[in-house]
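Engineer: One structure, pasted below without further comment.
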Amino acid sequence: MITSMGVTTDSFPFSKQPKTAYEFLGFCHSLGAGGAESAFGSTDPDYIRKVRKRVEELGIYYEAWATLPGTDTAAFERTVVAAKEAGATYLRAFCLGGRRYEVFQSLEDWRRFVVESRLRIERALPIIEKHRMTMGLENHKDWTLEEMLPLLRAYSSEYLGVCLDTGNNISLLDDTRELVEALVPYTTNTHLKDMAVAEYEEGFLLVEVPFGEGMLDLKWIVERISKARPKTRFTLEMMTRSPLKIPCLTSKYWTSFPERNGRFLARTIASVKANPPVRPLPNLETLRPEERLQLEVDNVKRCLVYARDHLGLRA
């Protein structure tokens with residue numbers, strides 16, 4: 001094993017590595033990772049026992065995905081029970097599948113989403129509390145820091161925490177150091193990533209890059225979280241892809257941000273200017289399929305080695 005850091009299936013958006021728990025656990029172990037995060041795959045009792053045996057045999061951790069419940073909570077509860085019986089340490093969930101500045105066409109649309117998200121969290125809470133299974137809610141390009149803190153405080157459950165993603169909120173004009181400082185008391189699990197940025201005419205480009213090639217102080221992040229939350233695992237999300245466009249200089253971008261102002265924009269643009277990429281940002285469309293497949297695996301392996309050698313995440 002290379003490192004105690006695990007890997008999420010989102011690190012393989014192109015190659016579509018095995019997405020279900022049993023297969024992905026084995027794949028992560030073969031890479032030298034210390035854990036895996038994925039969808040569960042099945043709630044069949046025999047499969048649950050199979051996954052638990054796999055976790056124990058490999059000696060790595062497992063964190064399970066969960067979809068927040070709608071009006072019917074049965075599927076969510078089955079996932080919670082299956083994850084607990086399979087030996088998962090935490091659940092990971094999120095409220096919004098897309099990117100806020102792309103999804104919502106009006107402020108009213110955003111406000112409806114806020115109401116529905118709160119209802120979904122409220123339906124989930126009694127279930128995770130009943131089964132004593134902690135769920136980390138990811139900052140998933142939906143909530144700004146100023147919105148997520150009141151959300152967490154409103155429920156104040158020992159079984160509701162944060163899956164702290166170190167890159168997502170840059171797209172919402174949040175500062176990563178401020179984000180970590182504010183959310184670390186709630187952090188239960190993580191998506192650890194390094195990010196590179198560059199200017200473009202409507203805002204800035206944002207993309208995950210191998211550890212050490214981006215703008216984030218990963219060593220400080222790991223040390224800060226480890227000190228405050230010693231039981232928190234670090235899970236790699238190295239998405240090998242072309243840069244995302246963050247059109248923060250357009251009026252449409254601001255449609256669902258009633259509380260944001262020029263301070264956030266000025267700070268972010270200044271940070272983009274101060275942190276030019278150390279190498280040209282990736283353009284995956286220029287690669288042949290087999291080259292992209294290999295690059296995904298190579299980037300993950302580079303991050304695993306960096307985590308061991310530079311971040312103290314030794315096996």
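As shown in the structure tokens, the chain order sets the letters A, B, ...; within each chain, residues go from 1, and ligands are also counted from 1 in the order they appear.
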Using only C-alpha atoms, determine which residues lie at most 10 Å from stretch 264-280 of chain A, disregarding the query and same-chain residues fewer than 3 positions distant; provide the list as a list in words.

Structural biologist: Ile170, Ser171, Leu172, Leu173, Asp174, Asp175, Met195, Ala196, Val197, Ala198, Glu199, Gly203, Phe204, Leu205, Leu206, Val209, Gly212, Glu213, Gly214, Met215, Leu216, Cys248, Leu249, Arg260, Asn261 and Asn283 of chain A

Engineer: Can you list, as a PyMOL selection string, every protein, DNA or RNA residue that comes within 8 Å of A:Pro210 when you count only C-alpha atoms, leaving out same-chain residues fewer than 3 positions away?

Structural biologist: chain A and resi 193-194+213-214+238+299-300+302-303

Engineer: Run DSSP on the backbone and tell me which residues of stretch 75-293 of chain A come out as alpha helix (DSSP H); list them as an MDAnalysis selection string.

Structural biologist: chainID A and resid 75:85 100:103 107:131 145:155 176:183 218:228 262:274 289:293

Engineer: Determine which residues of stretch 9-161 of chain A DSSP labels as strand (DSSP E or B) from the backbone of this structure, then write them out as a list in words.

Structural biologist: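 Selecting the strand (DSSP E or B) positions of stretch 9-161 of chain A gives Thr20, Gly35, Ala36, Glu37, Ser38, Ala39, Tyr61, Tyr62, Glu63, Ala64, Trp65, Leu91, Arg92, Ala93, Met135, Gly136, Leu137, Glu138, Leu160 and Gly161 of chain A.
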
Engineer: If you keep N, CA and C atoms, can you produce a file of those selected residues as a tab-separated table (two decimals), in the first residue's frame?

Structural biologist:
```
chain	number	residue	atom	x	y	z
A	20	THR	N	-19.01	0.04	-8.44
A	20	THR	CA	-19.65	-0.53	-7.26
A	20	THR	C	-18.60	-0.95	-6.24
A	35	GLY	N	-8.03	3.36	0.73
A	35	GLY	CA	-9.46	3.32	0.89
A	35	GLY	C	-10.16	3.56	-0.43
A	36	ALA	N	-11.49	3.50	-0.39
A	36	ALA	CA	-12.30	3.67	-1.60
A	36	ALA	C	-13.61	4.33	-1.23
A	37	GLU	N	-14.11	5.16	-2.14
A	37	GLU	CA	-15.42	5.78	-1.99
A	37	GLU	C	-16.20	5.54	-3.28
A	38	SER	N	-17.41	4.99	-3.15
A	38	SER	CA	-18.18	4.67	-4.34
A	38	SER	C	-19.64	4.45	-3.99
A	39	ALA	N	-20.45	4.30	-5.05
A	39	ALA	CA	-21.81	3.82	-4.86
A	39	ALA	C	-21.74	2.39	-4.33
A	61	TYR	N	-10.23	1.31	4.06
A	61	TYR	CA	-11.54	1.82	4.46
A	61	TYR	C	-12.47	1.95	3.26
A	62	TYR	N	-13.76	2.02	3.58
A	62	TYR	CA	-14.77	2.20	2.54
A	62	TYR	C	-15.76	3.26	2.99
A	63	GLU	N	-16.06	4.22	2.08
A	63	GLU	CA	-17.09	5.22	2.31
A	63	GLU	C	-18.11	5.11	1.18
A	64	ALA	N	-19.39	5.15	1.55
A	64	ALA	CA	-20.46	4.85	0.59
A	64	ALA	C	-21.20	6.11	0.16
A	65	TRP	N	-21.62	6.13	-1.09
A	65	TRP	CA	-22.46	7.20	-1.59
A	65	TRP	C	-23.91	6.97	-1.15
A	91	LEU	N	-20.99	7.96	5.17
A	91	LEU	CA	-21.72	8.17	3.93
A	91	LEU	C	-21.29	9.51	3.34
A	92	ARG	N	-21.44	9.63	2.03
A	92	ARG	CA	-21.22	10.91	1.36
A	92	ARG	C	-22.45	11.21	0.52
A	93	ALA	N	-22.99	12.41	0.67
A	93	ALA	CA	-24.16	12.82	-0.10
A	93	ALA	C	-23.99	14.27	-0.54
A	135	MET	N	-23.19	10.95	8.04
A	135	MET	CA	-23.24	11.33	6.63
A	135	MET	C	-22.56	12.68	6.44
A	136	GLY	N	-21.61	12.72	5.52
A	136	GLY	CA	-20.96	13.97	5.16
A	136	GLY	C	-21.65	14.59	3.95
A	137	LEU	N	-22.13	15.81	4.11
A	137	LEU	CA	-22.78	16.53	3.02
A	137	LEU	C	-21.71	17.33	2.28
A	138	GLU	N	-21.52	17.01	1.01
A	138	GLU	CA	-20.44	17.65	0.25
A	138	GLU	C	-20.81	19.07	-0.19
A	160	LEU	N	-24.64	14.36	11.18
A	160	LEU	CA	-24.57	15.14	9.95
A	160	LEU	C	-23.32	15.99	9.97
A	161	GLY	N	-22.45	15.75	9.00
A	161	GLY	CA	-21.22	16.53	8.90
A	161	GLY	C	-21.00	17.00	7.49
```

Engineer: Can you write out as a Markdown table which residues of stretch 26-112 of chain A fall within 8 Å of stretch 253-256 of chain A, alongside each residue's closest atom pair and its distance in Å to one decimal, counting only C-alpha atoms and ordering rows by chain and ascending residue number?

Structural biologist:
```
| residue | atom | partner | partner_atom | distance |
| --- | --- | --- | --- | --- |
| A:Arg100 | CA | A:Ser256 | CA | 7.5 |
| A:Tyr101 | CA | A:Tyr253 | CA | 5.1 |
| A:Glu102 | CA | A:Tyr253 | CA | 7.4 |
| A:Phe104 | CA | A:Ser256 | CA | 6.6 |
| A:Gln105 | CA | A:Thr255 | CA | 6.9 |
| A:Ser106 | CA | A:Thr255 | CA | 5.8 |
| A:Leu107 | CA | A:Ser256 | CA | 4.8 |
| A:Trp110 | CA | A:Ser256 | CA | 5.9 |
```

Engineer: In Å, rounded to a single decimal, give me how far atom CA of A:Gly312 is from atom CA of A:Ile60.

Structural biologist: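 Separating atom CA of A:Ile60 from atom CA of A:Gly312 is a distance of 17.2 Å.
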
Engineer: May I ask for the distance between atom CA of A:Ala315 and atom CA of A:Arg233, given in Å to one decimal place?

Structural biologist: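 Separating atom CA of A:Ala315 from atom CA of A:Arg233 is a distance of 12.0 Å.
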
Engineer: Using only C-alpha atoms, which of A:Val55, A:Val207, A:Ala307, A:Ala124 sits nearest A:Gly87?

Structural biologist: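 Using only C-alpha atoms, the shortest distance to A:Gly87 belongs to A:Val55.
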
Engineer: Calculated over only C-alpha atoms, which of the candidates A:Arg308, A:Arg241, A:His191, A:Lys84 has the smallest distance to A:Thr134?

Structural biologist: A:Lys84

Engineer: Which residue gives the smallest distance to A:Ala74 among A:Ile127, A:Glu108, A:Tyr306, A:Ser42, with only C-alpha atoms counted?

Structural biologist: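 Closest residue, counting only C-alpha atoms: A:Ile127.
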
Engineer: For A:Val80, which of A:Leu68, A:Leu284, A:Met133, A:Val114 is the closest residue, counting only C-alpha atoms?

Structural biologist: A:Met133

Engineer: Rounded to one decimal, what separation in Å do you get between atom CA of A:Asn168 and atom CA of A:Pro185?

Structural biologist: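 Rounded to one decimal, the two atoms are 18.5 Å apart.
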
Engineer: From the list A:Tyr200, A:Val162, A:His140, A:Ala88, which residue is nearest A:Lys53 when using only C-alpha atoms?

Structural biologist: A:Ala88
